[in-house]
>>> print(open('start.txt').read())   # compact mmCIF, C-alpha atoms and all ligand atoms
# COMPACT_ATOMS: atom_id res chain seq x y z
CA MET A 1 28.09 3.29 -15.33
CA SER A 2 27.73 2.93 -11.57
CA GLU A 3 24.43 4.02 -10.03
CA THR A 4 24.14 6.84 -7.53
CA TRP A 5 22.65 5.87 -4.17
CA LEU A 6 21.75 7.97 -1.16
CA GLU A 7 22.77 6.67 2.23
CA GLY A 8 19.99 6.42 4.79
CA ARG A 9 20.05 5.35 8.42
CA VAL A 10 17.34 3.32 10.14
CA ILE A 11 15.85 5.11 13.13
CA GLU A 12 13.13 2.58 13.97
CA ASN A 13 12.13 -0.95 12.95
CA ARG A 14 8.61 -1.58 14.23
CA ARG A 15 7.53 -5.21 14.33
CA TRP A 16 3.76 -5.67 13.87
CA ALA A 17 3.83 -9.48 13.74
CA ASP A 18 6.45 -12.14 13.00
CA ALA A 19 6.65 -11.32 9.30
CA LEU A 20 5.54 -7.68 9.25
CA PHE A 21 7.73 -4.64 9.84
CA SER A 22 7.88 -0.90 9.25
CA LEU A 23 11.16 0.92 8.81
CA ARG A 24 11.58 4.63 9.54
CA VAL A 25 14.67 5.95 7.81
CA GLU A 26 16.58 9.20 7.96
CA ALA A 27 17.85 10.06 4.48
CA PRO A 28 18.47 13.06 2.24
CA ARG A 29 15.21 14.76 1.25
CA LEU A 30 13.42 13.14 -1.74
CA SER A 31 10.77 14.75 -3.88
CA PHE A 32 7.80 12.48 -4.67
CA GLU A 33 4.01 12.33 -4.91
CA ALA A 34 2.04 10.26 -2.39
CA GLY A 35 1.52 6.80 -3.91
CA GLN A 36 4.97 6.58 -5.48
CA PHE A 37 7.77 4.17 -4.64
CA VAL A 38 11.56 4.20 -4.47
CA ARG A 39 14.16 1.45 -4.67
CA ILE A 40 15.87 0.62 -1.41
CA ALA A 41 18.92 -1.60 -1.13
CA LEU A 42 21.43 -3.43 1.05
CA ASP A 43 24.84 -4.90 0.26
CA GLN A 44 25.08 -8.67 0.66
CA THR A 45 28.76 -8.14 1.37
CA PRO A 46 29.00 -4.95 3.44
CA GLY A 47 30.78 -2.18 1.50
CA ASP A 48 30.72 -4.07 -1.83
CA PRO A 49 28.39 -2.21 -4.23
CA ALA A 50 28.58 -5.13 -6.68
CA SER A 51 26.62 -7.21 -4.13
CA ARG A 52 23.85 -4.59 -3.73
CA ILE A 53 20.27 -5.93 -3.86
CA ALA A 54 17.55 -3.38 -4.54
CA ARG A 55 13.75 -3.63 -4.51
CA PRO A 56 10.98 -1.05 -4.97
CA PHE A 57 9.11 -0.01 -1.82
CA SER A 58 6.18 2.41 -1.61
CA PHE A 59 6.47 5.38 0.69
CA VAL A 60 4.16 5.23 3.72
CA ASN A 61 5.18 8.71 4.85
CA ALA A 62 3.63 11.79 3.30
CA PRO A 63 5.90 13.74 0.92
CA GLN A 64 6.17 16.60 3.42
CA ASP A 65 7.49 14.26 6.16
CA PRO A 66 11.31 14.28 6.13
CA VAL A 67 11.56 10.80 7.70
CA LEU A 68 11.01 8.02 5.15
CA GLU A 69 8.75 5.13 6.13
CA PHE A 70 8.35 1.74 4.45
CA TYR A 71 6.04 -1.16 5.33
CA GLY A 72 7.21 -4.67 4.45
CA ILE A 73 6.58 -8.38 4.80
CA VAL A 74 9.22 -11.08 5.08
CA VAL A 75 9.15 -13.35 2.05
CA PRO A 76 11.22 -16.11 3.67
CA GLU A 77 13.02 -17.20 0.49
CA GLY A 78 13.39 -13.63 -0.83
CA PRO A 79 16.89 -12.10 -1.10
CA LEU A 80 16.08 -8.68 0.42
CA SER A 81 13.01 -8.65 2.66
CA PRO A 82 14.33 -10.97 5.44
CA ARG A 83 17.41 -8.73 5.73
CA LEU A 84 15.35 -5.54 5.83
CA ALA A 85 13.28 -7.05 8.65
CA ARG A 86 16.45 -7.59 10.72
CA LEU A 87 17.71 -3.99 10.45
CA ALA A 88 18.20 -2.16 13.74
CA PRO A 89 18.37 1.54 14.60
CA GLY A 90 21.67 2.99 13.34
CA ASP A 91 21.99 0.50 10.46
CA ALA A 92 22.61 1.84 6.96
CA LEU A 93 20.16 1.42 4.09
CA TYR A 94 20.66 2.67 0.53
CA VAL A 95 17.89 4.67 -1.10
CA ALA A 96 17.72 5.48 -4.83
CA PRO A 97 17.45 9.18 -5.67
CA ASN A 98 14.55 8.82 -8.14
CA PRO A 99 11.07 7.99 -6.77
CA ALA A 100 8.65 6.87 -9.49
CA GLY A 101 5.22 5.40 -10.14
CA PHE A 102 1.81 6.23 -11.57
CA LEU A 103 -0.43 5.12 -8.69
CA VAL A 104 -0.97 8.76 -7.74
CA LEU A 105 -4.04 10.94 -7.38
CA SER A 106 -2.77 13.44 -9.98
CA GLU A 107 -3.32 10.68 -12.59
CA VAL A 108 -6.90 10.03 -11.43
CA PRO A 109 -9.87 11.71 -13.16
CA ASP A 110 -12.54 13.44 -11.10
CA ALA A 111 -15.13 11.26 -9.37
CA ARG A 112 -17.39 11.53 -6.33
CA SER A 113 -15.77 8.59 -4.53
CA ILE A 114 -12.22 7.29 -4.48
CA TRP A 115 -11.81 3.62 -3.47
CA LEU A 116 -8.29 2.70 -2.28
CA ILE A 117 -8.30 -1.10 -2.38
CA SER A 118 -5.33 -3.16 -1.15
CA THR A 119 -4.08 -6.57 -0.11
CA GLY A 120 -1.24 -7.06 2.41
CA THR A 121 1.56 -4.50 2.09
CA GLY A 122 -0.36 -2.88 -0.78
CA ILE A 123 -1.91 -0.57 1.81
CA ALA A 124 1.40 1.38 1.96
CA PRO A 125 0.86 3.90 -0.89
CA PHE A 126 -2.69 4.58 0.28
CA LEU A 127 -1.51 5.48 3.78
CA SER A 128 0.83 8.04 2.24
CA MET A 129 -2.07 9.52 0.21
CA LEU A 130 -4.35 9.64 3.26
CA ARG A 131 -1.68 11.63 5.09
CA THR A 132 -2.01 14.41 2.49
CA ASP A 133 -4.87 16.84 1.84
CA ALA A 134 -5.37 15.73 -1.77
CA PRO A 135 -8.04 13.00 -1.31
CA TRP A 136 -10.14 15.23 0.93
CA LYS A 137 -9.95 18.20 -1.44
CA ARG A 138 -10.87 16.21 -4.53
CA PHE A 139 -13.37 13.56 -3.46
CA GLU A 140 -16.61 13.59 -1.47
CA HIS A 141 -16.05 10.06 -0.19
CA VAL A 142 -12.79 8.23 0.50
CA VAL A 143 -12.88 4.46 1.07
CA LEU A 144 -9.85 2.52 2.32
CA VAL A 145 -10.09 -1.25 1.85
CA HIS A 146 -7.47 -3.62 3.31
CA ALA A 147 -7.57 -7.41 2.83
CA VAL A 148 -5.23 -9.66 4.82
CA ARG A 149 -4.93 -13.31 5.77
CA ARG A 150 -5.10 -12.82 9.56
CA ALA A 151 -6.50 -10.05 11.75
CA GLU A 152 -3.04 -9.26 13.23
CA GLU A 153 -2.04 -8.09 9.74
CA LEU A 154 -4.55 -5.21 9.92
CA VAL A 155 -1.70 -2.82 10.64
CA TYR A 156 -1.63 0.97 11.16
CA GLN A 157 -4.92 0.88 13.09
CA GLU A 158 -3.89 3.88 15.23
CA LEU A 159 -2.98 5.98 12.22
CA ILE A 160 -6.20 5.07 10.41
CA ARG A 161 -8.24 5.91 13.53
CA GLU A 162 -6.47 9.28 13.85
CA ILE A 163 -7.06 10.09 10.17
CA GLY A 164 -10.73 9.06 10.56
CA LEU A 165 -11.17 11.41 13.53
CA GLU A 166 -9.68 14.30 11.60
CA ARG A 167 -11.48 13.43 8.34
CA PRO A 168 -14.96 12.09 9.07
CA GLY A 169 -15.40 11.34 5.33
CA LEU A 170 -13.08 8.31 5.58
CA ARG A 171 -14.71 4.87 5.30
CA TYR A 172 -12.60 1.86 6.26
CA VAL A 173 -13.44 -1.71 5.21
CA THR A 174 -11.30 -4.74 6.08
CA PHE A 175 -11.18 -8.39 5.02
CA VAL A 176 -9.67 -11.32 6.92
CA SER A 177 -9.46 -14.42 4.73
CA ARG A 178 -7.83 -17.20 6.75
CA GLU A 179 -9.48 -17.11 10.17
CA SER A 180 -12.91 -16.17 11.54
CA PRO A 181 -13.06 -12.40 11.54
CA PRO A 182 -12.80 -11.42 15.21
CA GLU A 183 -15.74 -9.59 16.84
CA SER A 184 -13.34 -7.30 18.70
CA HIS A 185 -12.13 -5.50 15.58
CA HIS A 186 -13.88 -2.32 14.60
CA PRO A 187 -15.14 -2.26 11.92
CA LYS A 188 -15.80 -6.03 11.91
CA PRO A 189 -13.76 -7.51 9.04
CA LEU A 190 -15.54 -9.15 6.14
CA ALA A 191 -14.65 -12.77 5.34
CA GLY A 192 -13.19 -14.01 2.04
CA ARG A 193 -11.78 -12.00 -0.84
CA ILE A 194 -12.39 -8.58 -2.39
CA PRO A 195 -13.54 -9.66 -5.91
CA ALA A 196 -16.36 -11.85 -4.53
CA ALA A 197 -17.48 -9.00 -2.28
CA ILE A 198 -17.53 -6.61 -5.27
CA ARG A 199 -19.72 -9.10 -7.17
CA ASP A 200 -22.22 -9.86 -4.40
CA GLY A 201 -22.53 -6.27 -3.16
CA ARG A 202 -20.96 -6.87 0.29
CA LEU A 203 -18.22 -4.30 -0.34
CA GLU A 204 -20.73 -1.57 -1.24
CA ARG A 205 -22.88 -2.42 1.78
CA ALA A 206 -19.88 -2.34 4.13
CA ALA A 207 -18.78 1.04 2.75
CA GLY A 208 -22.32 2.39 2.55
CA LEU A 209 -21.60 3.66 -0.96
CA GLU A 210 -22.40 2.80 -4.54
CA LEU A 211 -19.49 1.44 -6.60
CA SER A 212 -20.27 2.42 -10.20
CA PRO A 213 -18.64 4.04 -13.24
CA GLY A 214 -20.80 7.12 -12.72
CA SER A 215 -19.66 7.73 -9.15
CA SER A 216 -16.34 6.07 -8.48
CA HIS A 217 -12.67 5.70 -9.29
CA VAL A 218 -10.88 2.63 -7.92
CA MET A 219 -7.17 2.28 -7.16
CA LEU A 220 -5.94 -1.31 -6.65
CA CYS A 221 -2.60 -2.25 -5.06
CA GLY A 222 -0.91 -5.44 -3.88
CA ASN A 223 -1.21 -9.06 -5.01
CA PRO A 224 -1.27 -9.28 -8.85
CA ASP A 225 -3.97 -11.98 -8.75
CA MET A 226 -6.21 -9.71 -6.68
CA LEU A 227 -5.63 -6.92 -9.23
CA LYS A 228 -6.65 -9.22 -12.08
CA ASP A 229 -9.69 -10.70 -10.31
CA ALA A 230 -10.90 -7.38 -8.90
CA ALA A 231 -10.46 -5.67 -12.30
CA ALA A 232 -12.61 -8.44 -13.85
CA ALA A 233 -15.32 -7.97 -11.19
CA LEU A 234 -15.24 -4.19 -11.77
CA ALA A 235 -15.41 -4.69 -15.56
CA GLU A 236 -18.71 -6.55 -15.00
CA ARG A 237 -19.97 -3.25 -13.53
CA GLY A 238 -18.78 -1.31 -16.59
CA MET A 239 -15.63 0.01 -14.91
CA ARG A 240 -12.69 0.09 -17.32
CA LYS A 241 -8.95 0.32 -16.76
CA HIS A 242 -7.81 3.96 -16.68
CA ARG A 243 -5.21 5.11 -19.17
CA ARG A 244 -4.07 8.66 -19.94
CA ARG A 245 -5.30 8.35 -23.55
CA THR A 246 -8.47 6.43 -22.75
CA PRO A 247 -9.74 7.56 -19.35
CA GLY A 248 -11.42 4.88 -17.26
CA HIS A 249 -12.28 4.03 -13.67
CA VAL A 250 -9.59 1.65 -12.41
CA SER A 251 -5.87 2.37 -11.72
CA MET A 252 -3.54 -0.28 -10.36
CA GLU A 253 -0.07 -1.19 -9.16
CA SER A 254 1.17 -4.74 -8.81
CA PHE A 255 3.77 -5.49 -6.09
CA TRP A 256 5.14 -8.55 -7.88
C1 LIG A 301 6.08 -0.77 -7.47
C2 LIG A 301 6.35 -1.71 -6.32
C3 LIG A 301 6.19 -1.27 -5.01
C4 LIG A 301 6.40 -2.16 -3.95
N1 LIG A 301 6.20 -1.74 -2.66
C5 LIG A 301 6.34 -2.62 -1.64
C6 LIG A 301 6.07 -2.24 -0.29
O1 LIG A 301 5.72 -1.08 -0.01
N2 LIG A 301 6.20 -3.16 0.69
C7 LIG A 301 6.59 -4.46 0.39
O2 LIG A 301 6.69 -5.28 1.33
N3 LIG A 301 6.87 -4.82 -0.85
C8 LIG A 301 6.77 -3.95 -1.87
N4 LIG A 301 7.07 -4.34 -3.13
C9 LIG A 301 7.67 -5.67 -3.32
C10 LIG A 301 9.19 -5.56 -3.02
O3 LIG A 301 9.81 -4.81 -4.03
C11 LIG A 301 9.90 -6.91 -2.91
O4 LIG A 301 9.55 -7.73 -3.99
C12 LIG A 301 9.57 -7.62 -1.59
O5 LIG A 301 10.02 -6.84 -0.50
C13 LIG A 301 10.25 -8.98 -1.49
O6 LIG A 301 11.62 -8.83 -1.74
P1 LIG A 301 12.60 -10.06 -1.75
O7 LIG A 301 13.88 -9.62 -2.39
O8 LIG A 301 12.71 -10.63 -0.37
O9 LIG A 301 11.87 -11.15 -2.68
P2 LIG A 301 11.52 -11.04 -4.23
O10 LIG A 301 12.49 -11.85 -5.00
O11 LIG A 301 11.41 -9.60 -4.64
O12 LIG A 301 10.08 -11.67 -4.27
C14 LIG A 301 9.87 -13.09 -4.18
C15 LIG A 301 8.39 -13.39 -4.19
O13 LIG A 301 7.80 -12.91 -2.99
C16 LIG A 301 6.44 -12.56 -3.18
N5 LIG A 301 6.29 -11.13 -2.77
C17 LIG A 301 7.05 -10.07 -3.14
N6 LIG A 301 6.64 -8.93 -2.55
C18 LIG A 301 5.60 -9.28 -1.76
C19 LIG A 301 4.76 -8.54 -0.90
N7 LIG A 301 4.91 -7.20 -0.74
N8 LIG A 301 3.79 -9.18 -0.24
C20 LIG A 301 3.62 -10.53 -0.40
N9 LIG A 301 4.38 -11.28 -1.22
C21 LIG A 301 5.37 -10.68 -1.89
C22 LIG A 301 6.16 -12.77 -4.67
O14 LIG A 301 5.59 -14.05 -4.83
C23 LIG A 301 7.55 -12.71 -5.28
O15 LIG A 301 7.64 -13.41 -6.49
C24 LIG A 301 6.84 -3.48 -4.21
C25 LIG A 301 7.04 -3.89 -5.54
C26 LIG A 301 6.79 -3.03 -6.58
C27 LIG A 301 6.99 -3.53 -8.00
N1 LIG A 302 0.62 -13.45 5.83
C1 LIG A 302 1.42 -14.13 6.66
O1 LIG A 302 1.08 -14.50 7.79
C2 LIG A 302 2.82 -14.44 6.27
C3 LIG A 302 3.72 -14.84 7.25
C4 LIG A 302 5.02 -15.11 6.85
C5 LIG A 302 5.40 -14.94 5.55
N2 LIG A 302 4.49 -14.56 4.61
C6 LIG A 302 4.92 -14.44 3.22
O2 LIG A 302 4.31 -13.31 2.62
C7 LIG A 302 3.82 -13.65 1.32
C8 LIG A 302 2.30 -13.45 1.30
O3 LIG A 302 2.01 -12.17 1.79
P1 LIG A 302 0.54 -11.68 2.17
O4 LIG A 302 -0.11 -12.63 3.10
O5 LIG A 302 0.59 -10.26 2.53
O6 LIG A 302 -0.10 -11.66 0.71
P2 LIG A 302 -1.26 -12.38 -0.06
O7 LIG A 302 -1.01 -13.82 -0.27
O8 LIG A 302 -1.38 -11.51 -1.23
O9 LIG A 302 -2.58 -12.27 0.88
C9 LIG A 302 -3.17 -11.04 1.25
C10 LIG A 302 -4.66 -11.09 0.97
O10 LIG A 302 -4.87 -11.14 -0.44
C11 LIG A 302 -5.82 -12.15 -0.72
N3 LIG A 302 -5.73 -12.66 -2.08
C12 LIG A 302 -4.84 -13.52 -2.59
N4 LIG A 302 -5.12 -13.78 -3.89
C13 LIG A 302 -6.22 -13.08 -4.19
C14 LIG A 302 -7.01 -12.94 -5.36
N5 LIG A 302 -6.72 -13.60 -6.50
N6 LIG A 302 -8.09 -12.14 -5.32
C15 LIG A 302 -8.40 -11.49 -4.19
N7 LIG A 302 -7.71 -11.59 -3.05
C16 LIG A 302 -6.62 -12.37 -3.05
C17 LIG A 302 -5.53 -13.21 0.32
O11 LIG A 302 -6.65 -14.08 0.42
P3 LIG A 302 -6.47 -15.69 0.63
O12 LIG A 302 -6.08 -15.87 2.07
O13 LIG A 302 -7.82 -16.22 0.28
O14 LIG A 302 -5.38 -16.15 -0.31
C18 LIG A 302 -5.31 -12.37 1.56
O15 LIG A 302 -6.53 -11.99 2.14
C19 LIG A 302 4.25 -15.07 1.06
O16 LIG A 302 5.52 -15.01 0.42
C20 LIG A 302 4.46 -15.65 2.45
O17 LIG A 302 5.48 -16.64 2.50
C21 LIG A 302 3.19 -14.30 4.95
>>> encode(input="start.txt", output="structure tokens", more="lines below")
Ligand SMILES: Cc1cc2nc3c(=O)[nH]c(=O)nc-3n(C[C@H](O)[C@H](O)[C@H](O)COP(=O)(O)OP(=O)(O)OC[C@H]3O[C@@H](n4cnc5c(N)ncnc54)[C@H](O)[C@@H]3O)c2cc1C
Ligand SMILES: NC(=O)c1ccc[n+]([C@@H]2O[C@H](COP(=O)([O-])OP(=O)(O)OC[C@H]3O[C@@H](n4cnc5c(N)ncnc54)[C@H](OP(=O)(O)O)[C@@H]3O)[C@@H](O)[C@H]2O)c1
Amino acid sequence: MSETWLEGRVIENRRWADALFSLRVEAPRLSFEAGQFVRIALDQTPGDPASRIARPFSFVNAPQDPVLEFYGIVVPEGPLSPRLARLAPGDALYVAPNPAGFLVLSEVPDARSIWLISTGTGIAPFLSMLRTDAPWKRFEHVVLVHAVRRAEELVYQELIREIGLERPGLRYVTFVSRESPPESHHPKPLAGRIPAAIRDGRLERAAGLELSPGSSHVMLCGNPDMLKDAAAALAERGMRKHRRRTPGHVSMESFW
């Protein structure tokens, strides 16, 4: 049976750096919860649905925003991402009608602090959540953590600053792993990787908050190795993976 696709049209392709882009797309209204993803697709041969290549992308826009937004990186050898990065305003993009995913706040048990911890493009679902009221209604403290290779990949600075002005409860911690963290960035990025900073207490110090099973729920998104290593570092603190049947303290979504 052939799949149903919605036809969207690109209205903006913002280039943050050589390999980083954000697409804003006009498409029929979709119903989803912040944190979810949807498959987007292009035809390798224009007009030939048999050549369609689809990949899941997390929404960056809030559910109430009618314009869809996706944040991506070019994986040079990948079949879809280099072509998405080349899209121009007016170009067509297919969008699946059925958003999905469990990295959502409605699946998270109550806690004092919510830690939204990401690598690379894994920040996308957290930006969507931060654009809604839910985190601020449910949690006393909201921490956004973003780890990237180079400082230029610390994207969406303006948006994060605006959200921080509106919501003084937001704490923002960044990591830059492959160059000296620049002094000019505010807050000054930490060096190295997230799991080491969980173990040695640098992440808690940077956020000014305790990270413990009694106070916190952690959401992890991005590189699967980060998910595995961070979950192991959190397990050493007594923080278990969250499941509907066996509630815990850590939820996660792997991007590959
Ligand atoms: C639930 C879910 C949500 C996702 N949301 C996003 C998103 O919001 N933005 C986004 O850019 N990607 C996202 N992805 C990944 C995306 O679906 C594609 O895999 C990615 O765009 C590369 O597509 P490709 O066809 O070029 O290469 P693929 O054949 O899909 O991937 C080739 C290889 O590239 C690497 N890779 C894939 N995705 C990434 C990435 N995001 N960052 C770094 N390396 C990667 C992996 O090593 C992978 O094996 C998500 C994946 C899942 C499962
Ligand atoms: N980033 C770029 O400049 C760039 C440019 C062009 C293309 N690409 C393509 O994009 C893909 C990589 O994307 P990316 O740079 O967003 O993703 P990434 O490799 O996941 O790196 C993002 C951050 O995650 C960290 N990380 C990696 N493994 C980890 C682990 N086990 N535990 C904790 N942290 C970990 C990295 O630290 P480390 O630095 O220590 O690994 C880095 O700080 C590749 O396919 C590449 O070809 C990237």
>>> closest_atom_pairs(input="start.txt", of="chain A", to="ligand LIG 301 (chain A)", cutoff="8 Å", atoms="all atoms listed in the file", output="tab-separated table")
residue	atom	partner	partner_atom	distance
A:Gln36	CA	A:LIG301	C1	7.7
A:Phe37	CA	A:LIG301	C3	5.7
A:Val38	CA	A:LIG301	C3	7.7
A:Arg39	CA	A:LIG301	O3	7.6
A:Ile53	CA	A:LIG301	O7	7.5
A:Ala54	CA	A:LIG301	O7	7.6
A:Arg55	CA	A:LIG301	O3	4.1
A:Pro56	CA	A:LIG301	O3	4.0
A:Phe57	CA	A:LIG301	N1	3.5
A:Ser58	CA	A:LIG301	O1	3.9
A:Phe59	CA	A:LIG301	O1	6.5
A:Val60	CA	A:LIG301	O1	7.5
A:Phe70	CA	A:LIG301	O1	5.9
A:Tyr71	CA	A:LIG301	N2	5.1
A:Gly72	CA	A:LIG301	O2	3.2
A:Ile73	CA	A:LIG301	O2	4.7
A:Val74	CA	A:LIG301	O8	6.5
A:Val75	CA	A:LIG301	O8	5.1
A:Pro76	CA	A:LIG301	O8	7.0
A:Glu77	CA	A:LIG301	O8	6.6
A:Gly78	CA	A:LIG301	O8	3.1
A:Pro79	CA	A:LIG301	O7	4.1
A:Leu80	CA	A:LIG301	O7	3.7
A:Ser81	CA	A:LIG301	O8	3.6
A:Pro82	CA	A:LIG301	O8	6.0
A:Arg83	CA	A:LIG301	O8	7.9
A:Gly101	CA	A:LIG301	C1	6.8
A:Gly120	CA	A:LIG301	N8	6.1
A:Thr121	CA	A:LIG301	N2	5.0
A:Gly122	CA	A:LIG301	O1	6.4
A:Ile123	CA	A:LIG301	O1	7.9
A:Ala124	CA	A:LIG301	O1	5.3
A:Pro125	CA	A:LIG301	O1	7.0
A:Gly222	CA	A:LIG301	N7	6.8
A:Asn223	CA	A:LIG301	C20	6.8
A:Glu253	CA	A:LIG301	C1	6.4
A:Ser254	CA	A:LIG301	C27	6.0
A:Phe255	CA	A:LIG301	C25	3.7
A:Trp256	CA	A:LIG301	C17	5.3
>>> residues_near_ligand(input="start.txt", ligand="ligand LIG 302 (chain A)", cutoff="8 Å", atoms="only C-alpha atoms and all ligand atoms", output="PyMOL selection string")
chain A and resi 18-20+73-77+119-121+147-150+153+175-178+192-196+222-230
>>> residues_around(input="start.txt", residues="Arg199 in chain A", least_positions_apart="2", cutoff="10 Å", atoms="all atoms listed in the file", output="list of chain:residue names")
A:Ile194, A:Pro195, A:Ala196, A:Ala197, A:Gly201, A:Arg202, A:Leu203, A:Glu204, A:Ala230, A:Ala232, A:Ala233, A:Leu234, A:Glu236, A:Arg237
>>> closest_residue(input="start.txt", among="A:Leu209, A:Val104, A:Ala17, A:Val67", to="Phe32 in chain A", atoms="all atoms listed in the file")
A:Val104
>>> axis_aligned_box(input="start.txt", around="range 47-56 of chain A", padding_each_side="5 Å", output="JSON")
{"center_x": 20.9, "center_y": -4.1, "center_z": -2.6, "size_x": 29.8, "size_y": 16.2, "size_z": 18.2}
>>> closest_residue(input="start.txt", among="A:Tyr94, A:Phe21, A:Phe139, A:Trp5", to="Ser113 in chain A", atoms="all atoms listed in the file")
A:Phe139
>>> atom_distance(input="start.txt", atom1="CA of Pro63 in chain A", atom2="CA of Arg131 in chain A")
8.9 Å
>>> closest_residue(input="start.txt", among="A:Leu6, A:Ala85, A:Met252, A:Ala100", to="Arg29 in chain A", atoms="all atoms listed in the file")
A:Leu6
>>> atom_distance(input="start.txt", atom1="CA of Val250 in chain A", atom2="CA of Gly238 in chain A")
10.5 Å
>>> atom_distance(input="start.txt", atom1="CA of Pro187 in chain A", atom2="CA of Val173 in chain A")
6.9 Å
>>> closest_residue(input="start.txt", among="A:Val95, A:Leu170, A:Ile160, A:Leu103", to="Leu127 in chain A", atoms="all atoms listed in the file")
A:Ile160
>>> closest_residue(input="start.txt", among="A:Ala111, A:Leu159, A:Leu116, A:Ile198", to="Ser215 in chain A", atoms="all atoms listed in the file")
A:Ala111
>>> closest_residue(input="start.txt", among="A:His186, A:Val143, A:Leu211, A:Arg138", to="Arg161 in chain A", atoms="all atoms listed in the file")
A:His186
>>> build_atoms(input="start.txt", residues="range 146-157 of chain A", atoms="N, CA, C and O atoms", output="mmCIF file, in the coordinates of the input")
data_model
loop_
_atom_site.group_PDB
_atom_site.id
_atom_site.type_symbol
_atom_site.label_atom_id
_atom_site.label_comp_id
_atom_site.auth_asym_id
_atom_site.auth_seq_id
_atom_site.Cartn_x
_atom_site.Cartn_y
_atom_site.Cartn_z
ATOM 1 N N HIS A 146 -8.698 -2.864 3.051
ATOM 2 C CA HIS A 146 -7.470 -3.620 3.310
ATOM 3 C C HIS A 146 -7.818 -5.081 3.552
ATOM 4 O O HIS A 146 -8.557 -5.389 4.501
ATOM 5 N N ALA A 147 -7.303 -5.970 2.699
ATOM 6 C CA ALA A 147 -7.570 -7.410 2.830
ATOM 7 C C ALA A 147 -6.301 -8.133 3.244
ATOM 8 O O ALA A 147 -5.247 -7.974 2.601
ATOM 9 N N VAL A 148 -6.389 -8.926 4.303
ATOM 10 C CA VAL A 148 -5.230 -9.660 4.820
ATOM 11 C C VAL A 148 -5.646 -11.088 5.172
ATOM 12 O O VAL A 148 -6.834 -11.392 5.266
ATOM 13 N N ARG A 149 -4.626 -11.928 5.395
ATOM 14 C CA ARG A 149 -4.930 -13.310 5.770
ATOM 15 C C ARG A 149 -5.454 -13.386 7.207
ATOM 16 O O ARG A 149 -6.430 -14.067 7.476
ATOM 17 N N ARG A 150 -4.742 -12.739 8.127
ATOM 18 C CA ARG A 150 -5.100 -12.820 9.560
ATOM 19 C C ARG A 150 -5.275 -11.426 10.146
ATOM 20 O O ARG A 150 -4.617 -10.484 9.714
ATOM 21 N N ALA A 151 -6.141 -11.363 11.184
ATOM 22 C CA ALA A 151 -6.500 -10.050 11.750
ATOM 23 C C ALA A 151 -5.269 -9.280 12.236
ATOM 24 O O ALA A 151 -5.233 -8.049 12.147
ATOM 25 N N GLU A 152 -4.226 -9.982 12.714
ATOM 26 C CA GLU A 152 -3.040 -9.260 13.230
ATOM 27 C C GLU A 152 -2.326 -8.484 12.130
ATOM 28 O O GLU A 152 -1.500 -7.628 12.409
ATOM 29 N N GLU A 153 -2.669 -8.803 10.865
ATOM 30 C CA GLU A 153 -2.040 -8.090 9.740
ATOM 31 C C GLU A 153 -2.784 -6.801 9.369
ATOM 32 O O GLU A 153 -2.406 -6.113 8.419
ATOM 33 N N LEU A 154 -3.845 -6.496 10.126
ATOM 34 C CA LEU A 154 -4.550 -5.210 9.920
ATOM 35 C C LEU A 154 -3.751 -4.133 10.647
ATOM 36 O O LEU A 154 -4.077 -3.710 11.750
ATOM 37 N N VAL A 155 -2.673 -3.723 10.009
ATOM 38 C CA VAL A 155 -1.700 -2.820 10.640
ATOM 39 C C VAL A 155 -2.145 -1.359 10.528
ATOM 40 O O VAL A 155 -3.112 -1.051 9.845
ATOM 41 N N TYR A 156 -1.407 -0.487 11.210
ATOM 42 C CA TYR A 156 -1.630 0.970 11.160
ATOM 43 C C TYR A 156 -3.028 1.357 11.630
ATOM 44 O O TYR A 156 -3.592 2.340 11.154
ATOM 45 N N GLN A 157 -3.590 0.564 12.579
ATOM 46 C CA GLN A 157 -4.920 0.880 13.090
ATOM 47 C C GLN A 157 -4.970 2.270 13.752
ATOM 48 O O GLN A 157 -5.924 3.004 13.565
#
